[in-house]
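Okay, entry-v2.pdb is below, PDB, C-alpha atoms:
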```pdb
ATOM      1  CA  MET A   1     -10.170  -0.938 -10.060
ATOM      2  CA  VAL A   2      -6.561   0.001  -9.255
ATOM      3  CA  TYR A   3      -4.019  -1.510  -6.891
ATOM      4  CA  ALA A   4      -1.692   0.392  -4.595
ATOM      5  CA  LEU A   5       1.494  -1.530  -3.840
ATOM      6  CA  ASN A   6       3.289  -0.479  -0.666
ATOM      7  CA  VAL A   7       6.664  -1.953   0.309
ATOM      8  CA  PHE A   8       8.536  -0.473   3.242
ATOM      9  CA  ASN A   9      10.281  -0.908   6.564
ATOM     10  CA  ILE A  10       8.872   0.103   9.923
ATOM     11  CA  LYS A  11      11.379   2.011  12.016
ATOM     12  CA  GLU A  12      12.321   0.333  15.265
ATOM     13  CA  GLY A  13      10.444   1.930  18.153
ATOM     14  CA  ARG A  14       7.862   3.511  15.822
ATOM     15  CA  GLU A  15       5.544   0.506  15.507
ATOM     16  CA  ASP A  16       2.708   2.157  17.458
ATOM     17  CA  GLU A  17       2.754   5.170  15.107
ATOM     18  CA  TYR A  18       2.412   2.884  12.123
ATOM     19  CA  ARG A  19      -0.378   0.948  13.852
ATOM     20  CA  GLU A  20      -2.252   4.219  14.370
ATOM     21  CA  TYR A  21      -1.712   5.172  10.723
ATOM     22  CA  SER A  22      -2.912   1.746   9.612
ATOM     23  CA  VAL A  23      -6.122   1.971  11.632
ATOM     24  CA  ARG A  24      -6.898   5.531  10.555
ATOM     25  CA  ALA A  25      -5.993   4.956   6.902
ATOM     26  CA  GLY A  26      -7.967   1.695   6.917
ATOM     27  CA  LYS A  27     -11.122   3.476   8.055
ATOM     28  CA  ILE A  28     -10.798   5.896   5.142
ATOM     29  CA  ILE A  29      -9.953   3.163   2.615
ATOM     30  CA  TYR A  30     -12.788   0.831   3.625
ATOM     31  CA  GLY A  31     -15.197   3.777   3.901
ATOM     32  CA  MET A  32     -14.469   4.606   0.257
ATOM     33  CA  GLY A  33     -14.977   1.042  -0.960
ATOM     34  CA  GLY A  34     -11.324  -0.007  -0.964
ATOM     35  CA  LYS A  35      -9.820  -2.993   0.799
ATOM     36  CA  VAL A  36      -6.509  -4.553   1.715
ATOM     37  CA  VAL A  37      -6.147  -7.605  -0.528
ATOM     38  CA  SER A  38      -2.751  -8.799   0.666
ATOM     39  CA  SER A  39      -0.132  -8.066   3.274
ATOM     40  CA  GLY A  40       3.108  -9.710   4.201
ATOM     41  CA  TRP A  41       6.186  -9.234   6.324
ATOM     42  CA  SER A  42       9.578 -10.672   7.094
ATOM     43  CA  PRO A  43      10.773 -11.771   3.643
ATOM     44  CA  ILE A  44      11.753 -15.401   3.441
ATOM     45  CA  ARG A  45      14.208 -14.768   0.653
ATOM     46  CA  GLN A  46      15.445 -11.647  -1.106
ATOM     47  CA  ILE A  47      15.579 -12.658  -4.733
ATOM     48  CA  HIS A  48      16.606  -9.394  -6.372
ATOM     49  CA  GLY A  49      17.485  -5.905  -5.232
ATOM     50  CA  ASP A  50      19.875  -4.151  -2.966
ATOM     51  CA  GLN A  51      17.505  -2.892  -0.247
ATOM     52  CA  GLU A  52      15.385  -5.238   1.815
ATOM     53  CA  ARG A  53      11.921  -4.033   2.633
ATOM     54  CA  ARG A  54      10.300  -6.052   5.380
ATOM     55  CA  HIS A  55       6.625  -5.171   4.851
ATOM     56  CA  LEU A  56       4.218  -5.390   1.924
ATOM     57  CA  ILE A  57       0.627  -4.247   1.533
ATOM     58  CA  VAL A  58      -1.573  -4.332  -1.574
ATOM     59  CA  VAL A  59      -4.713  -2.213  -1.452
ATOM     60  CA  ASP A  60      -7.552  -2.449  -3.983
ATOM     61  CA  PHE A  61      -9.227   0.881  -4.768
ATOM     62  CA  PRO A  62     -12.377   1.092  -6.925
ATOM     63  CA  SER A  63     -10.742   3.725  -9.180
ATOM     64  CA  GLU A  64      -7.843   6.126  -9.453
ATOM     65  CA  LYS A  65     -10.216   8.894  -8.374
ATOM     66  CA  VAL A  66     -11.038   7.018  -5.167
ATOM     67  CA  PHE A  67      -7.292   6.579  -4.541
ATOM     68  CA  GLN A  68      -6.855  10.355  -4.945
ATOM     69  CA  ASP A  69      -9.835  10.936  -2.651
ATOM     70  CA  PHE A  70      -8.099   8.729  -0.075
ATOM     71  CA  LEU A  71      -4.887  10.774  -0.372
ATOM     72  CA  ASP A  72      -6.847  14.008  -0.038
ATOM     73  CA  GLN A  73      -8.774  12.784   3.016
ATOM     74  CA  ALA A  74      -5.598  11.441   4.653
ATOM     75  CA  GLU A  75      -3.992  14.851   4.076
ATOM     76  CA  LYS A  76      -7.036  16.605   5.537
ATOM     77  CA  ASP A  77      -6.953  14.272   8.553
ATOM     78  CA  ASP A  78      -3.188  14.894   8.865
ATOM     79  CA  ILE A  79      -2.251  11.206   9.060
ATOM     80  CA  HIS A  80       0.479  11.115   6.400
ATOM     81  CA  LYS A  81       3.009  12.237   9.016
ATOM     82  CA  LEU A  82       2.341   9.037  10.979
ATOM     83  CA  ARG A  83       3.390   6.930   7.975
ATOM     84  CA  GLU A  84       6.288   9.185   7.057
ATOM     85  CA  ASN A  85       7.675   9.256  10.627
ATOM     86  CA  SER A  86       7.290   5.526  11.244
ATOM     87  CA  THR A  87       8.558   4.014   7.985
ATOM     88  CA  SER A  88      11.615   4.066   5.740
ATOM     89  CA  GLU A  89      12.536   2.883   2.245
ATOM     90  CA  TYR A  90       8.877   3.395   1.304
ATOM     91  CA  ILE A  91       7.800   2.582  -2.231
ATOM     92  CA  TRP A  92       4.195   3.359  -3.098
ATOM     93  CA  THR A  93       3.042   2.615  -6.641
ATOM     94  CA  LEU A  94      -0.418   2.615  -8.215
ATOM     95  CA  TYR A  95      -1.210  -0.058 -10.834
ATOM     96  CA  LYS A  96      -4.033  -0.656 -13.296
ATOM     97  CA  THR A  97      -5.609  -4.097 -13.181
ATOM     98  CA  TRP A  98      -4.067  -6.607 -15.552
ATOM     99  CA  ASP A  99      -5.791  -9.767 -16.665
ATOM    100  CA  ILE A 100      -2.657 -11.811 -17.224
ATOM    101  CA  LYS A 101      -4.618 -14.822 -18.490
ATOM    102  CA  GLU A 102      -6.143 -12.735 -21.274
ATOM    103  CA  TRP A 103      -2.764 -11.180 -21.986
ATOM    104  CA  VAL A 104      -1.137 -14.577 -22.341
ATOM    105  CA  LYS A 105      -3.958 -15.826 -24.606
ATOM    106  CA  ALA A 106      -3.693 -12.729 -26.822
ATOM    107  CA  LYS A 107      -0.384 -14.048 -28.154
ATOM    108  CA  ASP A 108      -2.343 -16.410 -30.421
TER     109      ASP A 108
END
```

Here is the file; what I need is its structure written in the form of structure tokens.
Amino acid sequence: MVYALNVFNIKEGREDEYREYSVRAGKIIYGMGGKVVSSGWSPIRQIHGDQERRHLIVVDFPSEKVFQDFLDQAEKDDIHKLRENSTSEYIWTLYKTWDIKEWVKAKD
């Protein structure tokens, strides 16, 4: 399992483009066994950093290969332009799973 962290802003007036991207990307993600595990918007407090990003999505993919398959299918379906045209300050990072409880216990 891997997690894709997405933090970004949606450009004013481009909300419908991002909605279309979200629906189309979601069909690919869920069809490949992935799922959105968390999403948020409108930060309550900016604790650190110089650029506010108003939206957050965390997607769980079964593997890095499935994530790459998603990217490839999204490219084939030509939907990346919807995300690129409708968002700004986009950060997209892929993470391995981390069992923090086990990590903390390993200190012993």

Report the residues retrieved by the PyMOL selection byres ((chain A and resi 36) around 10) from the displayed file, expressed as a VMD selection string.
chain A and resid 3 to 4 26 29 to 30 34 to 35 37 to 39 57 to 61

Å distance separating atom CA of Glu20 of chain A from atom CA of Asn85 of chain A, one decimal place
11.7 Å

Output check: residues returned by the PyMOL selection byres ((chain A and resi 54) around 7), as a short mmCIF file (atom, residue, chain, number, x, y, z; two decimals) with C-alpha atoms, keeping the file's coordinate frame:
```
data_model
loop_
_atom_site.label_atom_id
_atom_site.label_comp_id
_atom_site.auth_asym_id
_atom_site.auth_seq_id
_atom_site.Cartn_x
_atom_site.Cartn_y
_atom_site.Cartn_z
CA PHE A 8 8.54 -0.47 3.24
CA ASN A 9 10.28 -0.91 6.56
CA TRP A 41 6.19 -9.23 6.32
CA SER A 42 9.58 -10.67 7.09
CA PRO A 43 10.77 -11.77 3.64
CA GLU A 52 15.38 -5.24 1.82
CA ARG A 53 11.92 -4.03 2.63
CA HIS A 55 6.62 -5.17 4.85
#
```

Taking all atoms of segment 74-85 of chain A that appear in the file, build a box with edges along x, y and z, extend it by 5 Å on every side, and state its centre and edge lengths in Å to one decimal, as AutoDock Vina command-line options.
```
--center_x 0.3 --center_y 11.8 --center_z 7.5 --size_x 24.7 --size_y 19.7 --size_z 16.9
```

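Between atom CA of Asp77 of chain A and atom CA of Tyr21 of chain A there is a distance of 10.7 Å.
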
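Comparing A:Glu17, A:Ser63, A:Val23, A:His48 by their smallest distance to Thr97 of chain A, the closest is A:Ser63 (using all atoms listed in the file).
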
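We find atom CA of Val7 of chain A and atom CA of Thr93 of chain A to be spaced 9.1 Å apart.
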
With all atoms listed in the file as the basis for distance, which of A:Val66, A:Ala106, A:Leu94, A:Leu71 is at the shortest distance from Ala25 of chain A?
A:Leu71

I'd like to see the residues matched by the PyMOL selection byres ((chain A and resi 11) around 10) on this file, and ideally I'd get them as a ChimeraX atom specification.
/A:8-10,12-15,17-18,85-89

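Shortest separation to Glu75 of chain A among A:Arg19, A:Ile28, A:Asn6, A:Asp50 occurs at residue A:Ile28, atoms counted being all atoms listed in the file.
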
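Distances to Ser22 of chain A were evaluated for A:Ile100, A:Lys105, A:Tyr90, A:Arg83 using all atoms listed in the file, and the minimum falls at A:Arg83.
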